[in-house]
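> Structure file entry.cif (mmCIF, C-alpha atoms) right here:
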```
data_model
#
loop_
_atom_site.label_atom_id
_atom_site.label_comp_id
_atom_site.auth_asym_id
_atom_site.auth_seq_id
_atom_site.Cartn_x
_atom_site.Cartn_y
_atom_site.Cartn_z
CA MET A 9 32.47 58.03 2.25
CA ASN A 10 34.19 58.24 5.63
CA LEU A 11 31.35 58.44 8.15
CA ARG A 12 33.65 59.17 11.09
CA THR A 13 34.96 62.28 9.33
CA TYR A 14 31.46 63.30 8.23
CA LEU A 15 30.09 63.04 11.77
CA ALA A 16 33.02 64.92 13.28
CA GLN A 17 32.83 67.78 10.76
CA HIS A 18 29.08 68.24 11.06
CA LYS A 19 29.14 67.90 14.83
CA ALA A 20 31.76 70.66 15.01
CA LEU A 21 29.64 72.93 12.82
CA VAL A 22 26.54 72.64 14.96
CA GLU A 23 28.43 72.95 18.25
CA GLN A 24 29.98 76.20 17.09
CA ARG A 25 26.56 77.59 16.24
CA ILE A 26 24.90 76.31 19.43
CA ASN A 27 27.11 78.55 21.52
CA GLU A 28 26.53 81.47 19.17
CA TYR A 29 22.76 81.07 19.41
CA LEU A 30 22.69 80.53 23.17
CA SER A 31 23.48 84.12 24.13
CA ALA A 32 23.44 84.99 27.83
CA ASP A 33 21.97 88.41 27.08
CA GLY A 34 18.95 89.01 29.29
CA MET A 35 19.16 85.62 31.01
CA PRO A 36 19.77 84.98 34.70
CA ALA A 37 23.39 83.87 34.91
CA ASN A 38 22.74 80.60 36.73
CA LEU A 39 19.97 79.62 34.32
CA HIS A 40 22.27 80.21 31.35
CA LYS A 41 25.01 78.12 33.02
CA SER A 42 22.56 75.27 33.58
CA MET A 43 21.34 75.36 29.96
CA ALA A 44 24.89 75.53 28.59
CA TYR A 45 26.09 72.76 30.92
CA SER A 46 23.79 70.18 29.39
CA LEU A 47 24.02 71.50 25.83
CA ASN A 48 27.82 71.25 25.96
CA ALA A 49 27.95 67.89 27.74
CA GLY A 50 28.87 66.03 24.55
CA GLY A 51 27.04 63.39 22.57
CA LYS A 52 27.11 62.54 18.87
CA ARG A 53 24.64 65.30 17.84
CA ILE A 54 22.82 62.73 15.74
CA ARG A 55 19.67 64.86 15.31
CA PRO A 56 21.52 67.88 13.88
CA VAL A 57 23.59 65.56 11.68
CA LEU A 58 20.37 64.03 10.34
CA VAL A 59 19.08 67.53 9.57
CA PHE A 60 22.21 68.21 7.52
CA ALA A 61 22.13 64.83 5.80
CA GLY A 62 18.45 65.23 4.91
CA ALA A 63 19.19 68.61 3.36
CA GLU A 64 22.17 67.29 1.42
CA ALA A 65 20.20 64.31 0.11
CA VAL A 66 17.93 66.68 -1.82
CA GLY A 67 20.78 68.94 -2.95
CA GLY A 68 20.31 71.56 -0.25
CA ASP A 69 22.80 73.79 1.55
CA ILE A 70 23.30 72.95 5.24
CA LYS A 71 23.61 76.66 6.09
CA ARG A 72 19.92 76.95 5.30
CA VAL A 73 18.98 74.36 7.92
CA MET A 74 21.36 75.34 10.74
CA PRO A 75 18.57 76.91 12.85
CA LEU A 76 16.61 73.66 12.66
CA ALA A 77 19.71 71.66 13.62
CA VAL A 78 20.28 73.81 16.71
CA THR A 79 16.57 73.76 17.56
CA LEU A 80 16.39 69.97 17.61
CA GLU A 81 19.53 69.61 19.72
CA MET A 82 18.06 72.05 22.25
CA ILE A 83 14.77 70.14 22.36
CA HIS A 84 16.61 66.85 22.77
CA THR A 85 18.69 68.35 25.59
CA PHE A 86 15.59 69.69 27.33
CA SER A 87 14.12 66.19 27.28
CA LEU A 88 17.29 64.67 28.77
CA ILE A 89 17.41 67.17 31.63
CA HIS A 90 13.81 66.40 32.56
CA ASP A 91 14.19 62.62 32.04
CA ASP A 92 17.05 62.55 34.55
CA LEU A 93 15.08 64.23 37.35
CA PRO A 94 14.22 62.26 40.51
CA ALA A 95 10.54 62.37 39.56
CA MET A 96 11.36 60.65 36.27
CA ASP A 97 14.37 58.32 35.78
CA ASP A 98 16.36 59.64 38.78
CA ASP A 99 19.74 59.33 37.04
CA ASP A 100 23.01 60.57 38.50
CA LEU A 101 25.05 60.48 35.28
CA ARG A 102 24.46 61.68 31.74
CA ARG A 103 27.19 61.32 29.12
CA GLY A 104 29.62 60.46 31.89
CA LYS A 105 28.99 63.67 33.85
CA PRO A 106 26.74 64.49 36.82
CA THR A 107 23.20 65.16 35.64
CA ASN A 108 21.96 68.74 35.54
CA HIS A 109 19.92 68.58 38.74
CA LYS A 110 22.91 67.13 40.61
CA VAL A 111 24.91 70.26 39.73
CA PHE A 112 22.32 73.03 39.72
CA GLY A 113 19.47 71.64 41.83
CA GLU A 114 16.10 70.31 40.74
CA ALA A 115 14.33 73.66 40.42
CA THR A 116 16.96 75.19 38.16
CA ALA A 117 17.18 71.99 36.09
CA ILE A 118 13.43 72.08 35.47
CA LEU A 119 13.60 75.71 34.44
CA ALA A 120 16.65 75.11 32.24
CA GLY A 121 14.71 72.45 30.36
CA ASP A 122 11.72 74.76 30.02
CA ALA A 123 13.94 77.57 28.76
CA LEU A 124 15.68 75.35 26.21
CA LEU A 125 12.35 74.29 24.75
CA ALA A 126 11.20 77.90 24.40
CA GLU A 127 14.59 79.05 23.10
CA ALA A 128 14.53 76.27 20.51
CA PHE A 129 11.34 77.54 18.92
CA TRP A 130 12.55 81.14 19.08
CA ILE A 131 15.60 80.07 17.07
CA LEU A 132 13.48 78.16 14.57
CA THR A 133 11.42 81.28 13.84
CA LYS A 134 14.70 82.92 12.82
CA ALA A 135 15.30 80.33 10.09
CA SER A 136 17.24 81.45 7.03
CA PRO A 137 15.49 84.08 4.89
CA ALA A 138 16.31 81.80 1.96
CA CYS A 139 13.60 79.42 3.21
CA ALA A 140 10.05 80.14 2.12
CA PRO A 141 7.99 81.34 5.14
CA ALA A 142 5.34 78.68 4.45
CA LEU A 143 7.99 75.95 4.65
CA VAL A 144 9.35 77.34 7.92
CA LEU A 145 5.85 77.41 9.39
CA ASP A 146 5.26 73.84 8.22
CA VAL A 147 8.47 72.66 9.86
CA ILE A 148 7.65 74.50 13.10
CA CYS A 149 4.35 72.59 13.13
CA ASP A 150 6.15 69.29 12.50
CA VAL A 151 8.70 69.92 15.26
CA ALA A 152 5.98 70.89 17.76
CA GLU A 153 4.07 67.71 17.01
CA ALA A 154 7.19 65.54 17.21
CA SER A 155 8.25 66.98 20.57
CA GLY A 156 4.87 67.35 22.29
CA ALA A 157 2.04 65.14 23.52
CA ARG A 158 1.70 63.42 20.12
CA GLY A 159 5.42 62.72 19.98
CA MET A 160 8.36 62.63 22.37
CA THR A 161 6.58 63.91 25.49
CA GLY A 162 3.66 61.59 24.94
CA GLY A 163 6.10 58.75 24.41
CA GLN A 164 7.71 59.48 27.75
CA VAL A 165 4.30 59.19 29.40
CA PHE A 166 3.69 55.88 27.58
CA ASP A 167 7.09 54.74 28.87
CA MET A 168 6.31 55.72 32.46
CA GLU A 169 2.95 53.99 32.36
CA ALA A 170 4.55 50.85 30.93
CA THR A 171 7.17 50.52 33.67
CA GLY A 172 6.80 47.21 35.45
CA LYS A 173 4.11 45.99 33.05
CA ALA A 174 4.20 43.14 30.56
CA LEU A 175 3.79 44.86 27.20
CA THR A 176 3.24 43.25 23.84
CA GLU A 177 5.80 43.96 21.15
CA ALA A 178 3.29 46.21 19.36
CA GLU A 179 2.72 48.23 22.54
CA LEU A 180 6.44 48.64 23.09
CA GLU A 181 6.91 49.74 19.50
CA ASN A 182 4.30 52.45 20.07
CA VAL A 183 6.27 53.70 23.07
CA HIS A 184 9.55 53.83 21.18
CA ARG A 185 8.16 55.37 17.99
CA HIS A 186 6.85 58.27 20.05
CA LYS A 187 9.55 58.65 22.69
CA THR A 188 12.56 58.47 20.34
CA GLY A 189 11.42 57.97 16.77
CA LYS A 190 9.37 61.09 16.14
CA LEU A 191 12.19 63.55 16.87
CA LEU A 192 14.72 61.58 14.82
CA SER A 193 12.31 61.38 11.93
CA VAL A 194 11.47 65.09 11.95
CA SER A 195 15.21 65.82 11.87
CA VAL A 196 15.83 64.22 8.50
CA VAL A 197 12.46 65.15 6.99
CA GLY A 198 12.63 68.75 8.25
CA GLY A 199 16.07 69.30 6.81
CA ALA A 200 14.90 68.09 3.42
CA LYS A 201 11.63 70.01 3.56
CA LEU A 202 13.36 73.33 4.17
CA CYS A 203 15.46 72.66 1.07
CA GLY A 204 12.47 72.12 -1.22
CA ALA A 205 12.18 68.31 -1.24
CA THR A 206 9.48 66.81 -3.44
CA ASP A 207 6.53 64.87 -2.02
CA ALA A 208 8.10 61.61 -3.19
CA GLN A 209 11.38 62.47 -1.47
CA LEU A 210 9.62 63.42 1.75
CA LYS A 211 7.64 60.18 1.75
CA ALA A 212 10.83 58.14 1.33
CA LEU A 213 12.59 60.09 4.07
CA SER A 214 9.62 59.63 6.40
CA ILE A 215 9.91 55.86 5.99
CA TYR A 216 13.67 56.12 6.56
CA GLY A 217 13.20 58.28 9.65
CA ALA A 218 10.60 56.01 11.23
CA ALA A 219 12.81 52.95 10.69
CA ILE A 220 16.00 54.45 12.11
CA GLY A 221 14.08 55.98 15.00
CA LEU A 222 12.91 52.59 16.18
CA ALA A 223 16.29 50.97 15.45
CA PHE A 224 18.00 53.67 17.52
CA GLN A 225 15.90 52.87 20.58
CA ILE A 226 16.38 49.12 20.23
CA ALA A 227 20.13 49.72 20.05
CA ASP A 228 19.86 51.77 23.26
CA ASP A 229 17.98 48.91 24.93
CA ILE A 230 20.78 46.51 24.00
CA LEU A 231 23.53 48.90 25.09
CA ASP A 232 21.89 49.24 28.50
CA ILE A 233 22.61 45.52 28.95
CA GLU A 234 25.88 45.02 27.10
CA GLY A 235 27.57 48.41 27.22
CA THR A 236 29.95 49.78 29.81
CA GLU A 237 29.44 52.96 31.83
CA GLU A 238 32.21 54.58 29.78
CA GLU A 239 30.52 53.60 26.51
CA ILE A 240 26.96 54.67 27.36
CA GLY A 241 27.73 57.57 29.68
CA LYS A 242 25.36 56.47 32.45
CA ASP A 243 24.80 53.63 34.87
CA VAL A 244 24.71 50.25 33.11
CA GLY A 245 21.54 48.26 33.63
CA SER A 246 19.47 51.23 34.71
CA ASP A 247 16.57 50.13 32.50
CA VAL A 248 16.61 46.65 34.03
CA ASP A 249 16.82 48.06 37.57
CA ALA A 250 13.88 50.37 36.87
CA HIS A 251 11.84 47.49 35.37
CA LYS A 252 11.55 49.36 32.07
CA ALA A 253 9.85 47.75 29.09
CA THR A 254 12.60 47.05 26.54
CA TYR A 255 12.98 44.91 23.43
CA PRO A 256 15.50 42.50 25.02
CA ALA A 257 13.10 42.03 27.96
CA ILE A 258 10.12 41.32 25.73
CA ILE A 259 11.49 39.41 22.74
CA GLY A 260 15.02 38.50 23.86
CA ILE A 261 18.33 40.08 22.94
CA GLU A 262 18.99 38.00 19.81
CA ALA A 263 15.53 38.74 18.40
CA ALA A 264 16.11 42.42 19.23
CA ARG A 265 19.34 42.37 17.22
CA ILE A 266 17.55 40.80 14.26
CA LYS A 267 14.79 43.41 14.43
CA GLU A 268 17.17 46.35 14.51
CA ARG A 269 19.05 44.97 11.47
CA CYS A 270 15.78 44.53 9.58
CA LEU A 271 14.90 48.15 10.38
CA VAL A 272 18.26 49.32 9.02
CA ASP A 273 17.61 47.39 5.80
CA GLU A 274 14.15 49.00 5.58
CA ALA A 275 15.64 52.47 6.07
CA ILE A 276 18.29 51.98 3.39
CA SER A 277 15.77 50.51 0.94
CA ALA A 278 13.62 53.62 1.35
CA LEU A 279 16.49 55.70 -0.04
CA ALA A 280 16.48 53.91 -3.41
CA ILE A 281 15.08 57.00 -5.17
CA PHE A 282 18.11 59.06 -4.11
CA ASP A 283 21.57 59.21 -5.68
CA ASP A 284 24.90 59.20 -3.83
CA LYS A 285 24.07 62.50 -2.12
CA ALA A 286 22.07 60.35 0.30
CA ASP A 287 25.08 58.15 1.14
CA PRO A 288 25.51 59.86 4.53
CA LEU A 289 21.97 58.79 5.42
CA ARG A 290 22.73 55.23 4.34
CA GLU A 291 25.86 55.12 6.49
CA ILE A 292 24.12 56.74 9.47
CA ALA A 293 21.48 53.99 9.39
CA LYS A 294 24.22 51.37 9.77
CA TYR A 295 26.02 53.43 12.41
CA ILE A 296 22.92 53.70 14.60
CA VAL A 297 23.02 50.01 15.49
CA ASP A 298 26.82 49.75 15.62
CA ARG A 299 27.48 52.78 17.82
CA LYS A 300 28.81 52.44 21.34
CA THR A 301 27.33 55.66 22.72
#
```
What do you get writing this file as C-alpha cells?

Amino acid sequence: MNLRTYLAQHKALVEQRINEYLSADGMPANLHKSMAYSLNAGGKRIRPVLVFAGAEAVGGDIKRVMPLAVTLEMIHTFSLIHDDLPAMDDDDLRRGKPTNHKVFGEATAILAGDALLAEAFWILTKASPACAPALVLDVICDVAEASGARGMTGGQVFDMEATGKALTEAELENVHRHKTGKLLSVSVVGGAKLCGATDAQLKALSIYGAAIGLAFQIADDILDIEGTEEEIGKDVGSDVDAHKATYPAIIGIEAARIKERCLVDEAISALAIFDDKADPLREIAKYIVDRKT
C-alpha cells in the first residue's frame, strides 16, 4: 500500500468533518476563532488516522467512527494549547505558527482548550446510530480515562514533576505511556471497538497501541535534538533547554533508536492475527519512527 496516499486521503476526510462539527452557532466569536486556529494549524492527524485504521482492520466502515476521530483530534489540540502556555512549556511556536496564547492571549487560550475538551465529548455522544449504545458508552469511558488524570493529563503532571530530575528508564517510560501513549492507544482500539472487534482483536490492538505510543514519544525526543525548526514546527532543543527527561538524555540517542525500533517490531508482531486489512496499521508503525514532523 502507499502510506503517503493513505495518510493524505484520511487526513482530508477528518479535516473536512472537523470544520463541519465545529459550528460557531452559540459560541462567542473570539472563542470560536481561537479553537479553530489551533484545530486548523496542520499536523498529520495521526490519532484520527489510527481510528480509521483500527476500524478498517476489523472490517469496519470509517464513517461509523468519524465522531471518534474528530473527538480525539479535538482532545489532542486542547492538550497542545495548554502545554504551550507560559505556566507549562512556554512555547512560542506550534507547527511553525505562533502558539494560541501568542495570538489570542492566555485567558482565551485556556478557555479555548477547555471548550475543545467539552466539545469533543459532546461530539462523541453523537456517534453514529449504527453503533450500539453500549459500545459508544464504553468508548466514552475509555477516552475519558485516556485523556484525564489516569492518562494524558496525569502524564503531563508526571512530566512536569520529572523536569530537572534524574529518572530511571522505567520512570521515564511511565511518563511517556501516560502523556502520549494512552491517547494513541485509545485511538486504534476505540475505532475497532465501535466496529464490533472481538476480544482477541482488541487485546492485539491494545498491545499495538501501547507499543506505538511509546515509540512515538521516543521519536519526538530524538527529533527535538536532530530535527530542524521547519521539520518539527517548534524551537529545536526546547526539551534540552527545559531540562526535560527524555530517552536520549537517559539512555543515549543510539540506545533510544534501538528501543524505538524494537517497539515497532513489537507493534507489528501484535497484528499477526489480522489479514491485509491491517496493513495501514503496520505501515503507520514504521512511519512513526521515520517521520520528520
> Expressed in Å to a single decimal, how great is the separation between CA of Ala49 in chain A and CA of Arg25 in chain A?
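Value for the CA of Ala49 in chain A-CA of Arg25 in chain A distance: 15.1 Å.
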> Tell me, in Å to one decimal, how far CA of His109 in chain A is from CA of Ala32 in chain A.
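Spanning CA of His109 in chain A to CA of Ala32 in chain A is a straight-line distance of 20.0 Å.
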> Just how far from CA of Arg269 in chain A is CA of Ile281 in chain A, in Å to one decimal?
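Answer for the CA of Ile281 in chain A to CA of Arg269 in chain A separation: 20.9 Å.
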> Nearest residue to Asn10 in chain A out of A:Ala293, A:Ala157, A:Cys139, A:Pro288, using all atoms listed in the file?
A:Pro288
> Residues of range 80-136 of chain A that have any atom at most 9 Å from an atom of range 186-202 of chain A: could you tabulate them with the shortest-distance atom pair and the distance in Å to one decimal, using only C-alpha atoms, ordered by chain and increasing number, as a tab-separated table?

```
residue	atom	partner	partner_atom	distance
A:Leu80	CA	A:Ser195	CA	7.2
A:Ile83	CA	A:Leu191	CA	9.0
A:His84	CA	A:Leu191	CA	8.1
```
> When you look at Val66 in chain A with a cut-off of 9 Å (counting all atoms listed in the file), what residues show up, excluding the ones that are within fewer than 5 positions of it in the same chain? I need them as a list in words.
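Non-adjacent residues within range: Ala61, Ala200, Lys201, Cys203, Gly204, Ala205, Thr206, Gln209, Phe282, Lys285 and Ala286 of chain A.
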> Pick out the residues sitting within 9 Å of Ala223 in chain A, and hand them over as a ChimeraX atom specification; count only C-alpha atoms, and ignore anything fewer than 5 positions along from it in its own chain.
/A:189,218,228,267-272,293,296-297
> Choose the residue, out of A:Tyr45, A:Ala152, A:Ala278, A:Leu231, that has the smallest atom-to-atom separation from Pro256 in chain A; count only C-alpha atoms.
A:Leu231
> So which residues touch range 169-185 of chain A within 8 Å, counting all atoms listed in the file, skipping near sequence neighbours fewer than 3 positions away, as a PyMOL selection string?
chain A and resi 163-166+188-190+218+221-222+225+250-255+258-259
> With a distance cut-off of 10 Å and all atoms listed in the file, select the neighbouring residues of range 40-44 of chain A, excluding the residue or stretch itself and same-chain residues fewer than 6 positions from it, and output the selection as number ranges by chain.
A: 26-27, 30-34, 82, 85-86, 89, 108-109, 111-113, 116-124
> May I ask which of the residues A:Leu47, A:Leu11, A:Leu132, A:Leu21 is the closest one to Asp146 in chain A, counting only C-alpha atoms?
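Nearest to Asp146 in chain A: A:Leu132.
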> For Ile215 in chain A, which of A:Ala126, A:Leu279, A:Ala142, A:Ala16 is the closest residue, counting only C-alpha atoms?
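Distance minimum relative to Ile215 in chain A lands on A:Leu279.
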